[in-house]
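Chemist: So that we are looking at the same thing, I have put the structure below in structure tokens.
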Amino acid sequence: TGCAKKETPENSAGQTVNLPAPKVVKFGVQPSLQPPHIANMKGFFTEIETKYNTKFELISFASGGPENNALAANEISWAQYGMAPAIVGMEKAGGMLVAIDILEQTAIISDKSINTVADLKGKTVAFPGKGSQQYPLMLKALEGAGLKEDDVVLLKMDASNMSTALEKGEISAYIAWDPHTTKAISSGAGKILVKAEEVMPLKEGHYLGEGVVVRKDFADEYPDLTEDIVKAIMKANDYIVDNLSETPALWSKAIGLDESIIKLSLDNNMSVFVKDISPDLEALNPYVKLLNEYGITQISDVDKFLDEHVILDYTKK
Amino acid sequence: MDLIEIKDLSLNYQTDGGASFLALDQINLNVSQGEFICLLGPSGCGKSTLLYTLARQLKPSSGSIKFNGENLANVRDFARNVSIVFQEHALFPWLTVKENIEFPLTSRSLLKAQIHHTSDYYMKMVELEEWKDKKPRQLSGGMKQRVGIARALAMETNLILMDEPFGALDAQTRSMLQEELVSIWKKASKTIVFVTHDITEAIYLADRIVVMDANPGRIKAVLPVSSKRPRDTSSDEFRMLENQIKAMLKKDTNLVDKEEKI
Amino acid sequence: MDLIEIKDLSLNYQTDGGASFLALDQINLNVSQGEFICLLGPSGCGKSTLLYTLARQLKPSSGSIKFNGENLANVRDFARNVSIVFQEHALFPWLTVKENIEFPLTSRSLLKAQIHHTSDYYMKMVELEEWKDKKPRQLSGGMKQRVGIARALAMETNLILMDEPFGALDAQTRSMLQEELVSIWKKASKTIVFVTHDITEAIYLADRIVVMDANPGRIKAVLPVSSKRPRDTSSDEFRMLENQIKAMLKKDTNLVDKEEKI
Amino acid sequence: MKKDLSLVNKTFRSIQKIIPFILAIAFIFIVWQIGAMISNNATLLPGPTVVMKTFLEFIVSGEAIEHTVASLLRIVLAWVLSAFIAIPIGVIMGRIALLEKLLHPVIELIRPISPLAWIPLAVLWFGIGLSGKVFVIVIASLFPILLNTISGIKGVNPILLKAGQSFGFSQLRITTRICLPAAMPTIVTGLRISFGSAWMAIIAAEMVASRSGLGYMINDGMEILRPDIVIMGMVIIGVVGFLFDAVFRHIEKLMGYSL
Amino acid sequence: MKKDLSLVNKTFRSIQKIIPFILAIAFIFIVWQIGAMISNNATLLPGPTVVMKTFLEFIVSGEAIEHTVASLLRIVLAWVLSAFIAIPIGVIMGRIALLEKLLHPVIELIRPISPLAWIPLAVLWFGIGLSGKVFVIVIASLFPILLNTISGIKGVNPILLKAGQSFGFSQLRITTRICLPAAMPTIVTGLRISFGSAWMAIIAAEMVASRSGLGYMINDGMEILRPDIVIMGMVIIGVVGFLFDAVFRHIEKLMGYSL
Ligand SMILES: Nc1ncnc2c1ncn2[C@@H]1O[C@H](COP(=O)(O)OP(=O)(O)OP(=O)(O)O)[C@@H](O)[C@H]1O
Ligand SMILES: Nc1ncnc2c1ncn2[C@@H]1O[C@H](COP(=O)(O)OP(=O)(O)OP(=O)(O)O)[C@@H](O)[C@H]1O
Ligand SMILES: [Mg+2]
Ligand SMILES: [Mg+2]
């Protein structure tokens, strides 16, 4: 802090001097099709860096669990991950949801012999762990088909190994996110059994995929910076929606994923982006209740929970 | 015909550097049936080398060894003809005394009863029946050597080779075992080739002493010991022979001292 | 006044089981300045125990030891009064010959030059100057023992204790070192207490031989050796003493044999 | 009277043996409690009391036992398998110098690679069932047995081999009747170390895909921010690992004596 | 003439020494190629040629070196830190029997817990930066040094201690001037083993949020579906681990000789 800048950035809130900001903004991400990567590649974060005399550091995690760990330890102040880890992060790691920026990315992939979720009865199905958003979705999908958790053999495994297991016929289906879903499709070993939106249409007919969480104390201390970061993510999201054909190259460059897989994912509507990324309470509420019901969270007062942890203002401004 | 006839035997060790070391140079020696031969000499003179060549564990570089008139390399069922008593006993620590003695016999096609009979017989001879179920670690050094001797005897070979079997024992135990060995040798009427660097031991035991010389390993003299057994180590005859051999070895000792093996 | 006065000394080892073992029983012995004493006896008779009690590494259970008229426990700067030569040399493998000899002096407040001077002097005495920069592993067994002796000498103590220093050496090297030790002892005029179980060695070296007996450890006899040095091991006097001691020890040996230490 | 005393002595001494163990646990608990108080972050480092409560819950529900047994079964299986693979190969390598010279670098090249890295290949080759997990554990437990077997066989006192030769024994007989028993103490040490390595690999192995086991419990606890479960898992791993090691050390000691 | 011959001999012998290593690599490549052909799943197990191609790309881009160096720096740092912690503690424990009796169970209780399990606590205590990763590696590399130091100090030939006492040395002097140098070969062995353990823990350590290092490369390769990168990482870990071990063994040998 403490750096006075003469030239005023156009999108600034008016102040020109002494904008409070930490030296480094640590942002947890995953190597998948997340908007913060695009914000980074397109220089939206650089603008903020200049304005606040700070630095962005995108820190990569394999999954939401360790990301929440780091958030709880105050090692990162921002995190982008699946909705279930986001809610766990809100409950336990002092996080606050500021945006829902991916509506889809999860699907149940099955081998060719499975035609409906009901066919999974007695079959082995892989999921990435209880901390993932995929776990409750899987349970919900089963429920919708009249199955209970015990009716299938649920196996926790690393998402990167799921398509191998499917190809080898060791599991009949799995639930995961992109690119692990697209991989089985591109290799021909699997097909989309159901997409998340069919299981839980929560917002505009879509599922709630991923969200952005900021530590509450960060938002309290740096309200302007928080607002600008949310805006940068909104900008990235707009860019993605408007220039869908350009983005694969950008993501590929950012995370190393093969461009063709990204294209396939977008073409299949595996990842769905919309312009409205506000954390919609109405959409979120049933989801939070579901997590509590499944024992993933131990929130005592579900109705109040979201009010305390979601700030609508930033995206609505 | 002598039991062993060694003729012009030489042995070259190939060392790592590609060089070679002449450990035995033109050895000539005959050993007759039932004889007790001691190989005596300073460290490094090739006593063990000669012994293990007789045991067929080393190959001569040149020269010949005949065993019972036959070429040593061609002797069939060698283990039934030659047995060895090693320095530091070489007992198998996981076997009992009895099992150790029977161990060499297990590869022969013998009945269990025969094997037990043989081992019992020789355990009695070396007075170890009481200890037969003990493990080597439960025995004293002298007792271990007696097990080693019993094991060699139980192989019922004509020739027994011994490489400093009493080297690691204290003086008292040592002289006791020397006494015993002579009496066993008489009882069992074996041929023994015995390596030692102890002059007194050699004079006490041997029919003939083969005095060796180092660098290269050669036979310096073969001295018959004619006095009757049991020999009195304080007799004049004994003394004289002792001093004679000492004088013989003195020069070598000085040599060794100057070179200071490193 | 004698240098050492041992009176009614007893020593009990506490064993694990809570039992105790009487290793020294009522030892009485005086050693005068400049004397060469040999402690002789079968294994387990307490020779080392007595020696290490003198070295203050073991505490007497009862009785007293006076050193220069003073109670042993009260002697100040003990390491300047008593030094030890250990069996199997006890050299520090990472130090050179010179460094090994100087090592005990490093904790004294001496100048480097003084230390070098002292070590040079004693290295010369044991004829090791040429080897001073070698590590122990580069030396033969006899040379290692000479380093051990030089180290004890360099501590310039009045009393030197030696625990079977030549036990691990071969006969030739051993007799050579015995000769040297006698000449060094004369030159440096030290008091030496020397442990051995070799009768010949004791007779060759000692002014007086303390013959010990096992179970419990007792002094059986103290025999003066009056013949002039260098002693002739084949002289009649030598023989007689040898036979006398042998007879003395014979009973013990049989005892040990019957009990067969396990 | 004397007997009574020795019994008292014996009891006293076995109590004495357990004391350091109990003190160790007390020590760890105290350090942990202090650590928890300093960190002051119950979401990440709950104190011993919280973990004890979770532990009781897991004991009552049977999960604690279930996960421990599941892990142990996998480990024992993998460990036995490692022994069956490594001992014969080790014996052969120890006996045939040329083979050892050729294969030793292969072992040394593969050994530094953590079991974690093998997970994708484990899934590819052995699937996600028991065999996949066992493969990951075998990767960890194979080498200690193999290396100890080789060094045990190579370290057999040469005089015993000479003796065997002088008995007219065949190479096979020398190998099985002399080398193997003589190398046994070293092999047993290898087996002990190997069990420790296997035990350490359980978390990695149960990343392969599982529904039970201590590794699964820990992984899962991490994901849903239940550090009490994670730490409980760590404590169980520590204690069970300690106990097994103690048993093996005892066996090792007995072996050593008998030789 | 003689000198020439010895030079030829020397070159010949050092070539001879490398031959098994080269054969080992060839052997691994062949097995790998066969494995790839049998698996017949290029997306999961690419053959050596594919990986070599990736490797060349990574060499050209500098990433291969960058990741290797990043990992090595972390490991060396953690390893040095472990040595600085473990050697003094080990020396004290080796000299004071009571302390060893009390602390040994603590060590044995903590030792079986895999570095993986410590990751959440590492993040809590040391963050996701260098220190967090270093902590995880230290967990893996501390114990071999500690245990070897203790056993080295306890194993010092008692006659050397007696000698030191007879020189009138203080306990401190005996510890530093006699015990420490005498235990050095065992400690060096501990350091070697410890480096190996540290190296094996790199994948776990770099699971704690990182942007560089071989462990990161492997973890990331799994996530972004690049098995060629994963296997390249494994190969680099194997080869670098092998080379370091060889260097340490050499040092160990020199140490052994000098004693
Ligand atoms: N395998 C070998 N390679 C090269 N040289 C050897 C080998 N074995 C022995 N020698 C050398 O051959 C010589 C004779 O050795 P040998 O063991 O026969 O002596 P020795 O008379 O038995 O001595 P000691 O009394 O010490 O046992 C020695 O100089 C020794 O260094
Ligand atoms: N620390 C000990 N605890 C119990 N008993 C001991 C201890 N040290 C020695 N002994 C016993 O004390 C007796 C005398 O031992 P010591 O070592 O003095 O004998 P020694 O005459 O030096 O024998 P050697 O010639 O074998 O060295 C022996 O019976 C021995 O078993
Ligand atoms: Mg020999
Ligand atoms: Mg003694």
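Residues are referred to by chain and number: the chain letter is A, B, ... according to the order shown in the structure tokens, the number counts from 1 in that chain, and ligands are numbered separately from 1 in the order shown.
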What do you get as a PyMOL selection string if you pick all residues at most 10 Å from ligand 2, counting only C-alpha atoms and all ligand atoms?

Modeler: (chain B and resi 170) or (chain C and resi 11-16+19-24+39-53+58+87+163-164+167+195-198+212-217+261)

Chemist: What are the closest atom pairs, with distances in Å to one decimal, for all residues of stretch 71-188 of chain A lying within 8 Å of stretch 116-139 of chain D? Consider only C-alpha atoms, order rows by chain and residue number, and present the result as CSV.

Modeler:
residue,atom,partner,partner_atom,distance
A:Ser160,CA,D:Pro120,CA,8.0
A:Asn161,CA,D:Pro120,CA,6.1
A:Thr164,CA,D:Leu124,CA,6.2
A:Ala165,CA,D:Gly127,CA,6.4
A:Lys168,CA,D:Gly127,CA,7.3
A:Glu170,CA,D:Gly127,CA,6.7

Chemist: Mind fitting chain D to chain E by least squares on all Cα atoms in order and giving back the moved coordinates as a short mmCIF file (atom, residue, chain, number, x, y, z; two decimals) with C-alpha atoms, in the first residue's frame?

Modeler:
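Contents of out.cif, freshly written:
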data_model
loop_
_atom_site.label_atom_id
_atom_site.label_comp_id
_atom_site.auth_asym_id
_atom_site.auth_seq_id
_atom_site.Cartn_x
_atom_site.Cartn_y
_atom_site.Cartn_z
CA MET D 1 54.73 -48.14 -21.94
CA LYS D 2 53.60 -49.42 -18.63
CA LYS D 3 51.90 -46.13 -17.89
CA ASP D 4 50.11 -46.20 -21.19
CA LEU D 5 48.80 -49.62 -20.44
CA SER D 6 47.51 -48.57 -17.04
CA LEU D 7 45.76 -45.61 -18.63
CA VAL D 8 44.14 -47.88 -21.16
CA ASN D 9 43.24 -50.15 -18.30
CA LYS D 10 41.76 -47.30 -16.34
CA THR D 11 39.66 -46.03 -19.22
CA PHE D 12 38.60 -49.55 -19.92
CA ARG D 13 37.57 -50.07 -16.36
CA SER D 14 35.57 -46.86 -16.08
CA ILE D 15 33.78 -47.80 -19.30
CA GLN D 16 33.13 -51.18 -17.76
CA LYS D 17 31.56 -49.45 -14.79
CA ILE D 18 29.10 -47.51 -16.94
CA ILE D 19 28.08 -50.52 -19.01
CA PRO D 20 25.65 -52.02 -16.46
CA PHE D 21 24.06 -48.60 -16.10
CA ILE D 22 23.54 -48.29 -19.84
CA LEU D 23 22.28 -51.84 -20.04
CA ALA D 24 19.88 -51.06 -17.20
CA ILE D 25 18.46 -48.10 -19.08
CA ALA D 26 18.18 -50.16 -22.25
CA PHE D 27 16.46 -52.91 -20.26
CA ILE D 28 13.98 -50.49 -18.75
CA PHE D 29 13.24 -48.98 -22.15
CA ILE D 30 12.57 -52.39 -23.66
CA VAL D 31 10.29 -53.49 -20.82
CA TRP D 32 8.54 -50.17 -21.01
CA GLN D 33 8.07 -50.43 -24.78
CA ILE D 34 6.65 -53.92 -24.41
CA GLY D 35 4.45 -52.74 -21.54
CA ALA D 36 3.18 -49.88 -23.70
CA MET D 37 2.45 -52.24 -26.57
CA ILE D 38 0.58 -54.68 -24.36
CA SER D 39 -1.40 -52.00 -22.54
CA ASN D 40 -2.10 -50.42 -25.91
CA ASN D 41 -3.49 -47.35 -24.22
CA ALA D 42 -1.57 -44.30 -25.35
CA THR D 43 -3.64 -42.00 -23.13
CA LEU D 44 -2.30 -43.79 -20.10
CA LEU D 45 0.99 -45.41 -21.02
CA PRO D 46 2.75 -43.79 -23.94
CA GLY D 47 5.86 -45.56 -25.21
CA PRO D 48 9.43 -44.34 -24.74
CA THR D 49 9.48 -42.52 -28.07
CA VAL D 50 6.51 -40.33 -27.21
CA VAL D 51 8.02 -39.51 -23.83
CA MET D 52 11.39 -38.77 -25.42
CA LYS D 53 9.69 -36.31 -27.74
CA THR D 54 7.98 -34.57 -24.81
CA PHE D 55 11.29 -34.60 -22.99
CA LEU D 56 13.03 -32.86 -25.89
CA GLU D 57 10.28 -30.24 -25.95
CA PHE D 58 10.71 -29.67 -22.24
CA ILE D 59 14.49 -29.49 -22.62
CA VAL D 60 14.21 -26.93 -25.38
CA SER D 61 11.68 -24.84 -23.46
CA GLY D 62 13.92 -25.03 -20.40
CA GLU D 63 11.09 -26.43 -18.28
CA ALA D 64 12.79 -29.77 -17.63
CA ILE D 65 15.81 -28.08 -16.09
CA GLU D 66 13.68 -25.51 -14.30
CA HIS D 67 11.48 -28.09 -12.59
CA THR D 68 14.42 -30.30 -11.69
CA VAL D 69 16.36 -27.42 -10.20
CA ALA D 70 13.32 -26.18 -8.29
CA SER D 71 12.80 -29.61 -6.74
CA LEU D 72 16.46 -30.09 -5.99
CA LEU D 73 16.70 -26.75 -4.21
CA ARG D 74 13.78 -27.64 -1.95
CA ILE D 75 15.20 -31.05 -1.24
CA VAL D 76 18.70 -29.88 -0.49
CA LEU D 77 17.37 -27.19 1.80
CA ALA D 78 15.13 -29.62 3.68
CA TRP D 79 17.89 -32.18 3.84
CA VAL D 80 20.43 -29.75 5.27
CA LEU D 81 17.83 -28.59 7.76
CA SER D 82 17.11 -32.18 8.76
CA ALA D 83 20.80 -32.75 9.30
CA PHE D 84 21.08 -29.67 11.47
CA ILE D 85 18.12 -30.80 13.57
CA ALA D 86 18.74 -34.53 13.64
CA ILE D 87 22.49 -34.77 14.20
CA PRO D 88 22.61 -32.73 17.43
CA ILE D 89 19.48 -34.40 18.80
CA GLY D 90 20.79 -37.80 17.74
CA VAL D 91 24.14 -37.18 19.40
CA ILE D 92 22.50 -36.14 22.64
CA MET D 93 20.10 -39.10 22.56
CA GLY D 94 22.95 -41.44 21.78
CA ARG D 95 24.96 -40.19 24.72
CA ILE D 96 22.22 -39.95 27.34
CA ALA D 97 20.57 -43.33 27.71
CA LEU D 98 17.64 -42.00 29.71
CA LEU D 99 16.76 -39.44 27.07
CA GLU D 100 16.95 -42.08 24.38
CA LYS D 101 14.65 -44.35 26.33
CA LEU D 102 12.12 -41.54 26.65
CA LEU D 103 12.30 -40.10 23.15
CA HIS D 104 12.72 -43.26 21.14
CA PRO D 105 9.02 -44.23 21.40
CA VAL D 106 8.06 -40.71 20.35
CA ILE D 107 10.13 -41.10 17.20
CA GLU D 108 8.76 -44.55 16.53
CA LEU D 109 5.19 -43.31 16.93
CA ILE D 110 5.61 -40.41 14.54
CA ARG D 111 7.78 -42.17 11.98
CA PRO D 112 5.11 -44.41 10.37
CA ILE D 113 3.00 -41.41 9.41
CA SER D 114 3.51 -40.59 5.74
CA PRO D 115 4.55 -37.06 4.74
CA LEU D 116 1.31 -36.95 2.74
CA ALA D 117 -0.73 -36.95 5.93
CA TRP D 118 1.20 -33.98 7.24
CA ILE D 119 0.30 -31.70 4.35
CA PRO D 120 -2.70 -30.02 6.02
CA LEU D 121 -0.71 -29.37 9.17
CA ALA D 122 2.25 -28.19 7.09
CA VAL D 123 -0.01 -25.60 5.50
CA LEU D 124 -1.42 -24.61 8.86
CA TRP D 125 1.93 -24.24 10.61
CA PHE D 126 4.32 -23.26 7.86
CA GLY D 127 2.14 -21.95 5.12
CA ILE D 128 2.24 -22.75 1.46
CA GLY D 129 5.55 -21.13 0.71
CA LEU D 130 8.92 -22.76 0.71
CA SER D 131 8.72 -23.58 4.41
CA GLY D 132 5.55 -25.64 4.06
CA LYS D 133 7.11 -27.80 1.38
CA VAL D 134 10.36 -28.02 3.28
CA PHE D 135 8.46 -29.18 6.36
CA VAL D 136 6.88 -32.04 4.42
CA ILE D 137 10.28 -33.11 3.09
CA VAL D 138 11.85 -32.77 6.53
CA ILE D 139 9.22 -35.17 7.89
CA ALA D 140 10.54 -37.70 5.40
CA SER D 141 14.24 -37.02 5.72
CA LEU D 142 14.61 -36.38 9.44
CA PHE D 143 14.27 -39.91 10.76
CA PRO D 144 16.97 -41.71 8.78
CA ILE D 145 19.56 -39.18 9.95
CA LEU D 146 18.26 -39.22 13.50
CA LEU D 147 18.16 -42.99 13.83
CA ASN D 148 21.55 -43.47 12.20
CA THR D 149 23.11 -40.80 14.37
CA ILE D 150 21.75 -42.44 17.52
CA SER D 151 22.90 -45.89 16.47
CA GLY D 152 26.26 -44.53 15.32
CA ILE D 153 26.89 -42.81 18.64
CA LYS D 154 25.69 -45.80 20.65
CA GLY D 155 27.82 -48.08 18.51
CA VAL D 156 31.10 -46.28 19.17
CA ASN D 157 33.66 -48.84 20.28
CA PRO D 158 33.51 -48.59 24.09
CA ILE D 159 37.26 -48.89 24.33
CA LEU D 160 37.59 -45.53 22.59
CA LEU D 161 35.34 -44.02 25.24
CA LYS D 162 37.39 -45.66 27.98
CA ALA D 163 40.51 -44.25 26.36
CA GLY D 164 38.96 -40.79 26.28
CA GLN D 165 38.06 -41.08 29.94
CA SER D 166 41.57 -42.20 30.79
CA PHE D 167 42.91 -39.07 29.08
CA GLY D 168 40.88 -37.07 31.58
CA PHE D 169 38.60 -35.70 28.85
CA SER D 170 35.30 -34.06 29.83
CA GLN D 171 32.03 -35.60 28.69
CA LEU D 172 31.61 -32.79 26.18
CA ARG D 173 35.07 -33.38 24.76
CA ILE D 174 34.45 -37.13 24.57
CA THR D 175 31.21 -36.45 22.72
CA THR D 176 32.56 -33.99 20.20
CA ARG D 177 36.09 -35.25 19.72
CA ILE D 178 35.54 -39.01 19.99
CA CYS D 179 31.89 -40.01 19.55
CA LEU D 180 31.10 -37.68 16.69
CA PRO D 181 34.04 -38.59 14.44
CA ALA D 182 33.69 -42.27 15.30
CA ALA D 183 29.99 -42.21 14.39
CA MET D 184 30.59 -40.20 11.23
CA PRO D 185 30.45 -43.12 8.75
CA THR D 186 27.10 -44.21 10.16
CA ILE D 187 25.86 -40.63 10.09
CA VAL D 188 26.94 -40.26 6.47
CA THR D 189 24.99 -43.40 5.62
CA GLY D 190 22.01 -41.81 7.36
CA LEU D 191 22.50 -38.68 5.30
CA ARG D 192 22.51 -40.72 2.11
CA ILE D 193 19.37 -42.66 3.00
CA SER D 194 17.78 -39.42 4.10
CA PHE D 195 18.48 -37.79 0.77
CA GLY D 196 16.76 -40.70 -0.91
CA SER D 197 13.73 -40.33 1.34
CA ALA D 198 13.64 -36.59 0.75
CA TRP D 199 13.78 -37.18 -2.96
CA MET D 200 10.90 -39.63 -2.72
CA ALA D 201 8.82 -37.09 -0.80
CA ILE D 202 9.06 -34.42 -3.48
CA ILE D 203 5.76 -35.33 -5.09
CA ALA D 204 3.98 -35.10 -1.75
CA ALA D 205 5.75 -31.87 -0.86
CA GLU D 206 4.84 -30.17 -4.10
CA MET D 207 1.21 -31.06 -3.51
CA VAL D 208 1.33 -28.36 -0.82
CA ALA D 209 1.13 -25.58 -3.40
CA SER D 210 3.58 -24.88 -6.09
CA ARG D 211 4.25 -23.64 -9.53
CA SER D 212 7.37 -25.58 -10.29
CA GLY D 213 9.19 -28.75 -9.49
CA LEU D 214 9.10 -32.32 -10.70
CA GLY D 215 6.34 -33.21 -8.24
CA TYR D 216 4.25 -30.33 -9.54
CA MET D 217 4.94 -31.45 -13.10
CA ILE D 218 3.80 -34.98 -12.32
CA ASN D 219 0.71 -33.90 -10.39
CA ASP D 220 -0.24 -31.55 -13.14
CA GLY D 221 0.38 -34.13 -15.85
CA MET D 222 -1.94 -36.51 -14.04
CA GLU D 223 -4.73 -33.95 -13.90
CA ILE D 224 -4.74 -33.09 -17.57
CA LEU D 225 -4.21 -36.67 -18.69
CA ARG D 226 -0.73 -36.11 -19.98
CA PRO D 227 0.90 -39.41 -19.00
CA ASP D 228 3.91 -38.55 -21.15
CA ILE D 229 4.65 -35.70 -18.74
CA VAL D 230 4.02 -37.95 -15.74
CA ILE D 231 6.37 -40.63 -17.02
CA MET D 232 8.98 -38.11 -18.05
CA GLY D 233 8.85 -36.81 -14.47
CA MET D 234 9.26 -40.33 -13.14
CA VAL D 235 12.25 -40.95 -15.39
CA ILE D 236 13.91 -37.71 -14.31
CA ILE D 237 13.29 -38.54 -10.65
CA GLY D 238 14.71 -42.01 -11.16
CA VAL D 239 17.84 -40.88 -12.97
CA VAL D 240 18.60 -37.88 -10.76
CA GLY D 241 17.93 -39.95 -7.63
CA PHE D 242 20.25 -42.64 -8.94
CA LEU D 243 23.02 -40.17 -9.67
CA PHE D 244 22.83 -38.53 -6.26
CA ASP D 245 22.83 -41.90 -4.56
CA ALA D 246 25.90 -42.91 -6.55
CA VAL D 247 27.71 -39.75 -5.48
CA PHE D 248 26.77 -40.31 -1.84
CA ARG D 249 27.85 -43.93 -1.99
CA HIS D 250 31.19 -42.77 -3.28
CA ILE D 251 31.54 -40.31 -0.39
CA GLU D 252 30.46 -43.02 2.03
CA LYS D 253 33.12 -45.36 0.68
CA LEU D 254 35.81 -42.70 0.99
CA MET D 255 34.68 -42.03 4.57
CA GLY D 256 34.78 -45.71 5.39
CA TYR D 257 38.30 -46.02 4.07
CA SER D 258 39.61 -43.07 5.95
CA LEU D 259 38.60 -44.67 9.22
#

Chemist: So the first atom is atom CA of B:Thr157 and the second is atom CA of B:Asn81; what is the distance between them in Å, to one decimal place?

Modeler: 4.5 Å

Chemist: Output as a short mmCIF file (atom, residue, chain, number, x, y, z; two decimals) with N, CA and C atoms, in the first residue's frame the set of chain C residues within 8 Å of chain E, with distances taken over only C-alpha atoms.

Modeler:
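The result, written out as selection-v1.cif:
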data_model
loop_
_atom_site.label_atom_id
_atom_site.label_comp_id
_atom_site.auth_asym_id
_atom_site.auth_seq_id
_atom_site.Cartn_x
_atom_site.Cartn_y
_atom_site.Cartn_z
N ALA C 55 43.09 -48.05 37.33
CA ALA C 55 42.91 -46.94 36.39
C ALA C 55 41.75 -46.04 36.81
N ASP C 77 44.26 -34.52 38.86
CA ASP C 77 44.91 -34.65 37.57
C ASP C 77 45.33 -36.08 37.29
N PHE C 78 44.38 -36.96 37.48
CA PHE C 78 44.69 -38.39 37.41
C PHE C 78 45.39 -38.77 36.11
N ALA C 79 44.92 -38.17 34.99
CA ALA C 79 45.45 -38.53 33.68
C ALA C 79 46.93 -38.15 33.53
N VAL C 82 48.55 -41.55 35.54
CA VAL C 82 48.36 -42.93 35.09
C VAL C 82 47.92 -42.93 33.63
N SER C 83 48.55 -43.75 32.82
CA SER C 83 48.11 -43.92 31.44
C SER C 83 47.91 -45.41 31.16
N ILE C 84 47.18 -45.67 30.07
CA ILE C 84 46.82 -47.07 29.79
C ILE C 84 47.19 -47.43 28.34
N PHE C 86 45.90 -50.21 25.77
CA PHE C 86 44.81 -51.16 25.69
C PHE C 86 45.14 -52.34 24.79
N ALA C 90 43.30 -49.60 20.56
CA ALA C 90 42.43 -48.46 20.86
C ALA C 90 42.94 -47.17 20.25
N LEU C 91 43.38 -47.25 19.01
CA LEU C 91 43.78 -46.01 18.32
C LEU C 91 42.54 -45.39 17.67
N PHE C 92 42.59 -44.09 17.42
CA PHE C 92 41.48 -43.41 16.79
C PHE C 92 41.69 -43.45 15.28
N PRO C 93 40.80 -44.14 14.59
CA PRO C 93 41.07 -44.44 13.17
C PRO C 93 41.12 -43.20 12.29
N TRP C 94 40.51 -42.10 12.74
CA TRP C 94 40.49 -40.92 11.87
C TRP C 94 41.68 -39.99 12.12
N PRO C 104 45.89 -37.20 23.63
CA PRO C 104 45.64 -37.00 25.06
C PRO C 104 46.16 -35.66 25.56
N LEU C 105 47.14 -35.11 24.86
CA LEU C 105 47.76 -33.87 25.33
C LEU C 105 46.93 -32.64 24.96
N SER C 107 44.04 -31.79 25.58
CA SER C 107 43.18 -31.21 26.61
C SER C 107 44.01 -30.57 27.73
N LYS C 135 47.54 -43.30 8.69
CA LYS C 135 46.39 -43.63 9.53
C LYS C 135 46.58 -45.05 10.08
N ARG C 137 44.88 -47.67 10.00
CA ARG C 137 44.58 -48.79 9.10
C ARG C 137 45.74 -49.10 8.17
#

Chemist: Determine which residues of stretch 33-207 of chain B DSSP labels as alpha helix (DSSP H) from the backbone of this structure, then write them out as a VMD selection string.

Modeler: chain B and resid 47 to 54 97 to 102 112 to 125 141 to 154 171 to 188 199 to 205

Chemist: Find the residues around A:Val230 up to 12 Å (only C-alpha atoms counted), leave out those fewer than 6 positions away in its own chain, and share them as a ChimeraX atom specification.

Modeler: /A:35-36,39,44-45,48,78-80,97-101,211-214,219,223-224,236-237,277-279,311-317

Chemist: Please provide as a list of chain:residue names all residues within 10 Å of C:Asp120, with the sequence filter that same-chain residues fewer than 5 positions apart are discarded (counting only C-alpha atoms).

Modeler: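 The contact residues come out as C:Lys98, C:Ile101, C:Glu102, C:Gln114, C:Ile115, C:Met125, C:Leu128, C:Glu129, C:Lys132, C:Ala150, C:Ala154.
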
Chemist: List as a list in words the protein and nucleic acid residues near A:Phe27, meaning an atom at most 7 Å away when only C-alpha atoms are counted, but skip any in the same chain fewer than 3 places from it.

Modeler: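 Listed by chain and then number, they are Glu57, Leu58, Ile59, Ile76, Ser77, Trp78 and Ala79 of chain A.
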
Chemist: Starting from chain A, keep only residues with some atom at most 6 Å from an atom of chain E, counting only C-alpha atoms, and report them as a PyMOL selection string.

Modeler: chain A and resi 60-61+73+75+160+257

Chemist: When you count only C-alpha atoms, which of these residues is closest to chain B: C:Ile199, C:Val147, C:Leu223, C:Ile160?

Modeler: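 Among the listed residues, the smallest separation from chain B belongs to C:Ile199.
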